[in-house]
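Colleague: What follows is target-v1.cif, made up of mmCIF, C-alpha atoms:
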data_upload
loop_
_atom_site.group_PDB
_atom_site.id
_atom_site.type_symbol
_atom_site.label_atom_id
_atom_site.label_comp_id
_atom_site.auth_asym_id
_atom_site.auth_seq_id
_atom_site.Cartn_x
_atom_site.Cartn_y
_atom_site.Cartn_z
ATOM 1 C CA MET A 24 -8.987 -47.019 -38.277
ATOM 2 C CA ARG A 25 -12.282 -46.648 -36.366
ATOM 3 C CA MET A 26 -10.409 -46.955 -33.105
ATOM 4 C CA ILE A 27 -8.120 -44.052 -34.029
ATOM 5 C CA VAL A 28 -11.113 -41.861 -34.900
ATOM 6 C CA LYS A 29 -12.736 -42.685 -31.544
ATOM 7 C CA VAL A 30 -9.553 -41.893 -29.649
ATOM 8 C CA ILE A 31 -9.153 -38.583 -31.465
ATOM 9 C CA ARG A 32 -12.811 -37.727 -30.796
ATOM 10 C CA TRP A 33 -12.397 -38.448 -27.055
ATOM 11 C CA ILE A 34 -9.203 -36.408 -26.921
ATOM 12 C CA CYS A 35 -10.971 -33.441 -28.549
ATOM 13 C CA ILE A 36 -13.920 -33.743 -26.177
ATOM 14 C CA SER A 37 -11.573 -33.933 -23.177
ATOM 15 C CA ILE A 38 -9.648 -30.863 -24.308
ATOM 16 C CA GLY A 39 -12.904 -28.980 -24.835
ATOM 17 C CA ILE A 40 -14.164 -29.866 -21.363
ATOM 18 C CA CYS A 41 -10.858 -28.839 -19.756
ATOM 19 C CA ALA A 42 -10.854 -25.536 -21.647
ATOM 20 C CA GLY A 43 -14.443 -24.885 -20.581
ATOM 21 C CA VAL A 44 -13.654 -25.543 -16.918
ATOM 22 C CA ILE A 45 -10.609 -23.257 -17.059
ATOM 23 C CA LEU A 46 -12.567 -20.449 -18.744
ATOM 24 C CA PHE A 47 -15.392 -20.823 -16.226
ATOM 25 C CA TYR A 48 -12.921 -20.625 -13.349
ATOM 26 C CA ILE A 49 -11.215 -17.534 -14.777
ATOM 27 C CA ASN A 50 -14.511 -15.798 -15.505
ATOM 28 C CA THR A 51 -15.843 -16.435 -12.020
ATOM 29 C CA HIS A 52 -12.684 -15.806 -10.006
ATOM 30 C CA VAL A 53 -10.855 -12.981 -11.783
ATOM 31 C CA TYR A 54 -12.340 -9.570 -12.481
ATOM 32 C CA GLU A 55 -9.495 -8.250 -14.655
ATOM 33 C CA THR A 56 -6.846 -10.599 -16.009
ATOM 34 C CA ASP A 57 -4.228 -7.917 -16.792
ATOM 35 C CA TYR A 58 -4.548 -4.555 -15.054
ATOM 36 C CA PHE A 59 -1.206 -3.401 -16.422
ATOM 37 C CA GLY A 60 -2.112 -4.450 -19.965
ATOM 38 C CA VAL A 61 -5.214 -2.245 -19.854
ATOM 39 C CA LEU A 62 -2.908 0.679 -19.097
ATOM 40 C CA GLY A 63 -0.603 -0.173 -22.001
ATOM 41 C CA LEU A 64 2.015 -1.648 -19.686
ATOM 42 C CA SER A 65 3.568 -5.008 -18.966
ATOM 43 C CA LYS A 66 5.210 -6.135 -15.733
ATOM 44 C CA THR A 67 8.626 -5.680 -17.329
ATOM 45 C CA MET A 68 9.403 -3.434 -20.273
ATOM 46 C CA THR A 69 12.161 -1.202 -21.595
ATOM 47 C CA TYR A 70 11.992 2.566 -21.250
ATOM 48 C CA GLU A 71 11.558 2.767 -25.024
ATOM 49 C CA GLU A 72 8.483 0.505 -24.845
ATOM 50 C CA LEU A 73 7.101 2.592 -21.992
ATOM 51 C CA ALA A 74 7.609 5.839 -23.934
ATOM 52 C CA LYS A 75 6.053 4.298 -27.050
ATOM 53 C CA ASN A 76 2.925 3.182 -25.164
ATOM 54 C CA LEU A 77 2.406 6.141 -22.810
ATOM 55 C CA GLY A 78 4.629 8.870 -24.222
ATOM 56 C CA GLU A 79 7.338 10.701 -22.333
ATOM 57 C CA PRO A 80 6.530 11.146 -18.642
ATOM 58 C CA LEU A 81 5.525 14.627 -17.467
ATOM 59 C CA LYS A 82 8.193 14.282 -14.780
ATOM 60 C CA LYS A 83 10.339 11.698 -13.069
ATOM 61 C CA THR A 84 11.069 11.692 -9.340
ATOM 62 C CA GLY A 85 13.298 8.923 -8.041
ATOM 63 C CA SER A 86 11.883 5.689 -9.415
ATOM 64 C CA ASP A 87 8.455 7.213 -10.156
ATOM 65 C CA TYR A 88 7.286 8.173 -13.650
ATOM 66 C CA HIS A 89 4.419 10.683 -13.592
ATOM 67 C CA TYR A 90 1.805 10.908 -16.349
ATOM 68 C CA ASP A 91 -1.538 12.695 -16.441
ATOM 69 C CA GLY A 92 -3.691 10.673 -14.019
ATOM 70 C CA LEU A 93 -1.139 7.877 -13.701
ATOM 71 C CA THR A 94 2.077 7.312 -11.749
ATOM 72 C CA LEU A 95 4.332 4.276 -12.130
ATOM 73 C CA ARG A 96 6.944 3.051 -9.679
ATOM 74 C CA VAL A 97 9.613 0.986 -11.372
ATOM 75 C CA SER A 98 12.791 -0.819 -10.467
ATOM 76 C CA SER A 99 15.499 -1.681 -12.962
ATOM 77 C CA ASP A 100 16.095 -5.277 -13.899
ATOM 78 C CA ILE A 101 19.124 -6.796 -15.515
ATOM 79 C CA GLY A 102 19.256 -6.109 -19.232
ATOM 80 C CA GLY A 103 17.756 -2.616 -19.145
ATOM 81 C CA LYS A 104 14.203 -3.739 -18.437
ATOM 82 C CA LEU A 105 12.048 -1.743 -16.047
ATOM 83 C CA ARG A 106 10.000 -3.805 -13.610
ATOM 84 C CA ILE A 107 6.751 -2.064 -12.703
ATOM 85 C CA VAL A 108 6.052 -2.637 -9.027
ATOM 86 C CA CYS A 109 3.200 -0.217 -8.364
ATOM 87 C CA VAL A 110 0.756 1.963 -10.304
ATOM 88 C CA TRP A 111 -1.313 4.855 -8.943
ATOM 89 C CA VAL A 112 -4.384 5.738 -10.989
ATOM 90 C CA THR A 113 -5.787 9.191 -10.207
ATOM 91 C CA GLY A 114 -7.404 10.096 -13.522
ATOM 92 C CA PRO A 115 -10.787 8.945 -14.838
ATOM 93 C CA ARG A 116 -9.494 7.935 -18.263
ATOM 94 C CA TYR A 117 -8.138 4.566 -17.069
ATOM 95 C CA ARG A 118 -10.856 1.899 -16.652
ATOM 96 C CA PHE A 119 -10.732 -1.804 -15.748
ATOM 97 C CA GLY A 120 -12.821 -4.897 -16.450
ATOM 98 C CA LYS A 121 -16.182 -5.488 -18.027
ATOM 99 C CA ASN A 122 -17.833 -2.893 -15.742
ATOM 100 C CA SER A 123 -15.239 -0.192 -16.562
ATOM 101 C CA LEU A 124 -14.231 0.504 -12.970
ATOM 102 C CA GLY A 125 -11.981 3.462 -12.366
ATOM 103 C CA VAL A 126 -11.687 6.836 -10.723
ATOM 104 C CA GLY A 127 -15.234 8.163 -10.465
ATOM 105 C CA SER A 128 -16.856 4.743 -9.951
ATOM 106 C CA THR A 129 -19.016 4.264 -6.883
ATOM 107 C CA LEU A 130 -18.156 1.933 -4.039
ATOM 108 C CA GLU A 131 -21.303 -0.050 -4.847
ATOM 109 C CA GLU A 132 -20.094 -0.589 -8.429
ATOM 110 C CA VAL A 133 -16.753 -1.845 -7.103
ATOM 111 C CA LYS A 134 -18.436 -4.197 -4.624
ATOM 112 C CA ALA A 135 -20.827 -5.525 -7.273
ATOM 113 C CA SER A 136 -17.991 -6.119 -9.754
ATOM 114 C CA TYR A 137 -15.928 -8.160 -7.309
ATOM 115 C CA ALA A 138 -18.880 -9.850 -5.578
ATOM 116 C CA VAL A 139 -18.463 -13.144 -7.433
ATOM 117 C CA ASN A 140 -14.920 -13.396 -6.072
ATOM 118 C CA ASP A 141 -15.995 -13.032 -2.441
ATOM 119 C CA LYS A 142 -16.753 -16.766 -2.408
ATOM 120 C CA ASP A 143 -13.107 -17.529 -1.586
ATOM 121 C CA PRO A 144 -12.185 -16.229 1.872
ATOM 122 C CA GLN A 145 -8.718 -15.026 2.743
ATOM 123 C CA PRO A 146 -6.660 -16.961 5.322
ATOM 124 C CA ASP A 147 -8.067 -14.784 8.113
ATOM 125 C CA GLY A 148 -11.620 -15.749 7.041
ATOM 126 C CA SER A 149 -12.548 -12.348 5.607
ATOM 127 C CA ASP A 150 -13.826 -11.713 2.088
ATOM 128 C CA GLN A 151 -11.344 -10.843 -0.640
ATOM 129 C CA LEU A 152 -12.799 -7.354 -0.991
ATOM 130 C CA ARG A 153 -12.190 -5.949 2.448
ATOM 131 C CA ARG A 154 -11.989 -2.633 4.133
ATOM 132 C CA SER A 155 -8.836 -1.350 5.773
ATOM 133 C CA GLY A 156 -9.051 1.992 7.494
ATOM 134 C CA THR A 157 -11.885 4.344 6.710
ATOM 135 C CA GLU A 158 -11.570 4.775 2.983
ATOM 136 C CA VAL A 159 -9.572 1.934 1.427
ATOM 137 C CA TYR A 160 -11.075 -1.241 -0.032
ATOM 138 C CA ASN A 161 -8.518 -3.904 -0.953
ATOM 139 C CA PHE A 162 -8.883 -6.707 -3.425
ATOM 140 C CA ILE A 163 -6.562 -9.532 -4.444
ATOM 141 C CA ASP A 164 -7.429 -10.348 -8.040
ATOM 142 C CA GLY A 165 -6.069 -13.662 -9.203
ATOM 143 C CA ILE A 166 -6.210 -17.241 -8.066
ATOM 144 C CA TYR A 167 -5.552 -16.336 -4.444
ATOM 145 C CA PRO A 168 -5.563 -18.062 -1.948
ATOM 146 C CA LYS A 169 -4.399 -21.071 -3.949
ATOM 147 C CA THR A 170 -1.143 -19.297 -4.806
ATOM 148 C CA PRO A 171 0.939 -17.581 -2.132
ATOM 149 C CA TYR A 172 0.213 -13.899 -1.524
ATOM 150 C CA TRP A 173 3.699 -12.959 -2.722
ATOM 151 C CA SER A 174 3.215 -14.687 -6.065
ATOM 152 C CA ASN A 175 3.554 -12.554 -9.195
ATOM 153 C CA SER A 176 0.306 -14.038 -10.514
ATOM 154 C CA ASN A 177 -1.847 -11.866 -8.244
ATOM 155 C CA TYR A 178 -2.787 -8.207 -8.628
ATOM 156 C CA TRP A 179 -3.494 -6.331 -5.402
ATOM 157 C CA VAL A 180 -5.952 -3.516 -6.082
ATOM 158 C CA HIS A 181 -6.670 -0.802 -3.518
ATOM 159 C CA TYR A 182 -9.678 1.461 -4.091
ATOM 160 C CA PHE A 183 -9.685 4.749 -2.165
ATOM 161 C CA VAL A 184 -13.146 6.253 -1.710
ATOM 162 C CA ASN A 185 -14.241 9.634 -0.378
ATOM 163 C CA GLU A 186 -17.129 10.459 1.976
ATOM 164 C CA GLU A 187 -19.582 10.227 -0.939
ATOM 165 C CA LYS A 188 -18.315 6.648 -1.608
ATOM 166 C CA ILE A 189 -16.757 7.631 -4.948
ATOM 167 C CA VAL A 190 -13.383 6.193 -5.986
ATOM 168 C CA TYR A 191 -10.745 8.939 -6.201
ATOM 169 C CA GLU A 192 -7.584 6.806 -6.420
ATOM 170 C CA ILE A 193 -6.614 3.233 -7.271
ATOM 171 C CA ILE A 194 -3.285 1.657 -6.368
ATOM 172 C CA ILE A 195 -2.305 -1.559 -8.144
ATOM 173 C CA THR A 196 0.632 -3.722 -7.125
ATOM 174 C CA VAL A 197 1.789 -7.118 -8.300
ATOM 175 C CA GLY A 198 2.477 -9.969 -5.910
ATOM 176 C CA GLY A 199 1.712 -8.138 -2.663
ATOM 177 C CA PRO A 200 0.650 -4.889 -1.045
#
Spit out the file's structure as structure tokens when you get a sec.
Modeller:
Amino acid sequence: MRMIVKVIRWICISIGICAGVILFYINTHVYETDYFGVLGLSKTMTYEELAKNLGEPLKKTGSDYHYDGLTLRVSSDIGGKLRIVCVWVTGPRYRFGKNSLGVGSTLEEVKASYAVNDKDPQPDGSDQLRRSGTEVYNFIDGIYPKTPYWSNSNYWVHYFVNEEKIVYEIIITVGGP
């Protein structure tokens, strides 16, 4: 009987240690675990679910659904599900992560929020938060580079900043730019 209690105790301790390591890794390597969830979306959902969460779109052009400060690009999946492939955030009402980043945030706030993740370089040796062009800062949020860049487990977040270094648009894609 004592042996069983010891085994159970060691199993519980082992599970606790594993859970702690996983939580530490997530908290130090991911800024936002579900960008779409914050917006009231999931990667795949029916039109009815979309309308329930965000309301009817202001307009629809091609595969884009336009809302106030938010545009979604979707593709249809089998079974009537919409697969969200890209989201444009242009309104200040949508915020992400513990530092509430969004349109109106400063570039310094964005850099500080993702700074902990810069420990893992990309394959080309650059930091994860990197500049492309004159106004776009890109970030791969997820367990990159340990999963392939095309994996659906990664969010690619692109922050567009103006001359005053203020974010005016955010583009979020899943599994690649």
Colleague: Just give me the gap between CA of Tyr117 (chain A) and CA of Glu55 (chain A) in Å, one decimal is fine.
Modeller: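 The value is 13.1 Å.
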Colleague: Could you name the residues that touch Ser65 (chain A) at 9 Å or less, counting only C-alpha atoms, but leaving out those on the same chain fewer than 4 positions away, as a list of chain:residue names?
Modeller: A:Asp57, A:Phe59, A:Gly60, A:Leu73, A:Arg106, A:Ile107
Colleague: Compile a residue-level contact table for region 33-139 of chain A against region 180-197 of chain A at a cut-off of 12 Å, reporting for every qualifying residue the shortest atom pair and its distance in Å to one decimal, with all atoms listed in the file counted, rows ordered by chain and ascending number, as CSV.
Modeller:
residue,atom,partner,partner_atom,distance
A:Tyr54,CA,A:Val180,CA,10.9
A:Glu55,CA,A:Val180,CA,10.4
A:Asp57,CA,A:Val197,CA,10.4
A:Tyr58,CA,A:Ile195,CA,7.9
A:Phe59,CA,A:Ile195,CA,8.6
A:Leu62,CA,A:Ile195,CA,11.2
A:Ser65,CA,A:Val197,CA,11.0
A:Lys66,CA,A:Val197,CA,8.2
A:Thr67,CA,A:Val197,CA,11.4
A:Gly92,CA,A:Glu192,CA,9.4
A:Leu93,CA,A:Ile193,CA,9.6
A:Thr94,CA,A:Ile194,CA,9.5
A:Leu95,CA,A:Ile195,CA,9.7
A:Arg96,CA,A:Thr196,CA,9.6
A:Val97,CA,A:Thr196,CA,11.0
A:Arg106,CA,A:Val197,CA,10.3
A:Ile107,CA,A:Val197,CA,8.3
A:Val108,CA,A:Thr196,CA,5.8
A:Cys109,CA,A:Thr196,CA,4.5
A:Val110,CA,A:Ile195,CA,5.1
A:Trp111,CA,A:Ile194,CA,4.6
A:Val112,CA,A:Ile193,CA,5.0
A:Thr113,CA,A:Glu192,CA,4.8
A:Gly114,CA,A:Glu192,CA,7.8
A:Pro115,CA,A:Tyr191,CA,8.6
A:Tyr117,CA,A:Ile193,CA,10.0
A:Arg118,CA,A:Ile193,CA,10.4
A:Phe119,CA,A:Ile193,CA,10.7
A:Leu124,CA,A:Val190,CA,9.0
A:Gly125,CA,A:Val190,CA,7.1
A:Val126,CA,A:Val190,CA,5.1
A:Gly127,CA,A:Val190,CA,5.2
A:Ser128,CA,A:Val190,CA,5.5
A:Thr129,CA,A:Ile189,CA,4.5
A:Leu130,CA,A:Lys188,CA,5.3
A:Glu131,CA,A:Lys188,CA,8.0
A:Glu132,CA,A:Ile189,CA,9.5
A:Val133,CA,A:Tyr182,CA,8.4
A:Lys134,CA,A:Tyr182,CA,10.4
A:Tyr137,CA,A:Val180,CA,11.1
Colleague: Calculate how many Å separate CA of Thr69 (chain A) from CA of Gly103 (chain A), rounding to one decimal.
Modeller: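 Spanning CA of Thr69 (chain A) to CA of Gly103 (chain A) is a straight-line distance of 6.3 Å.
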Colleague: How many Å lie between CA of Leu64 (chain A) and CA of Leu77 (chain A), rounded to one decimal?
Modeller: 8.4 Å
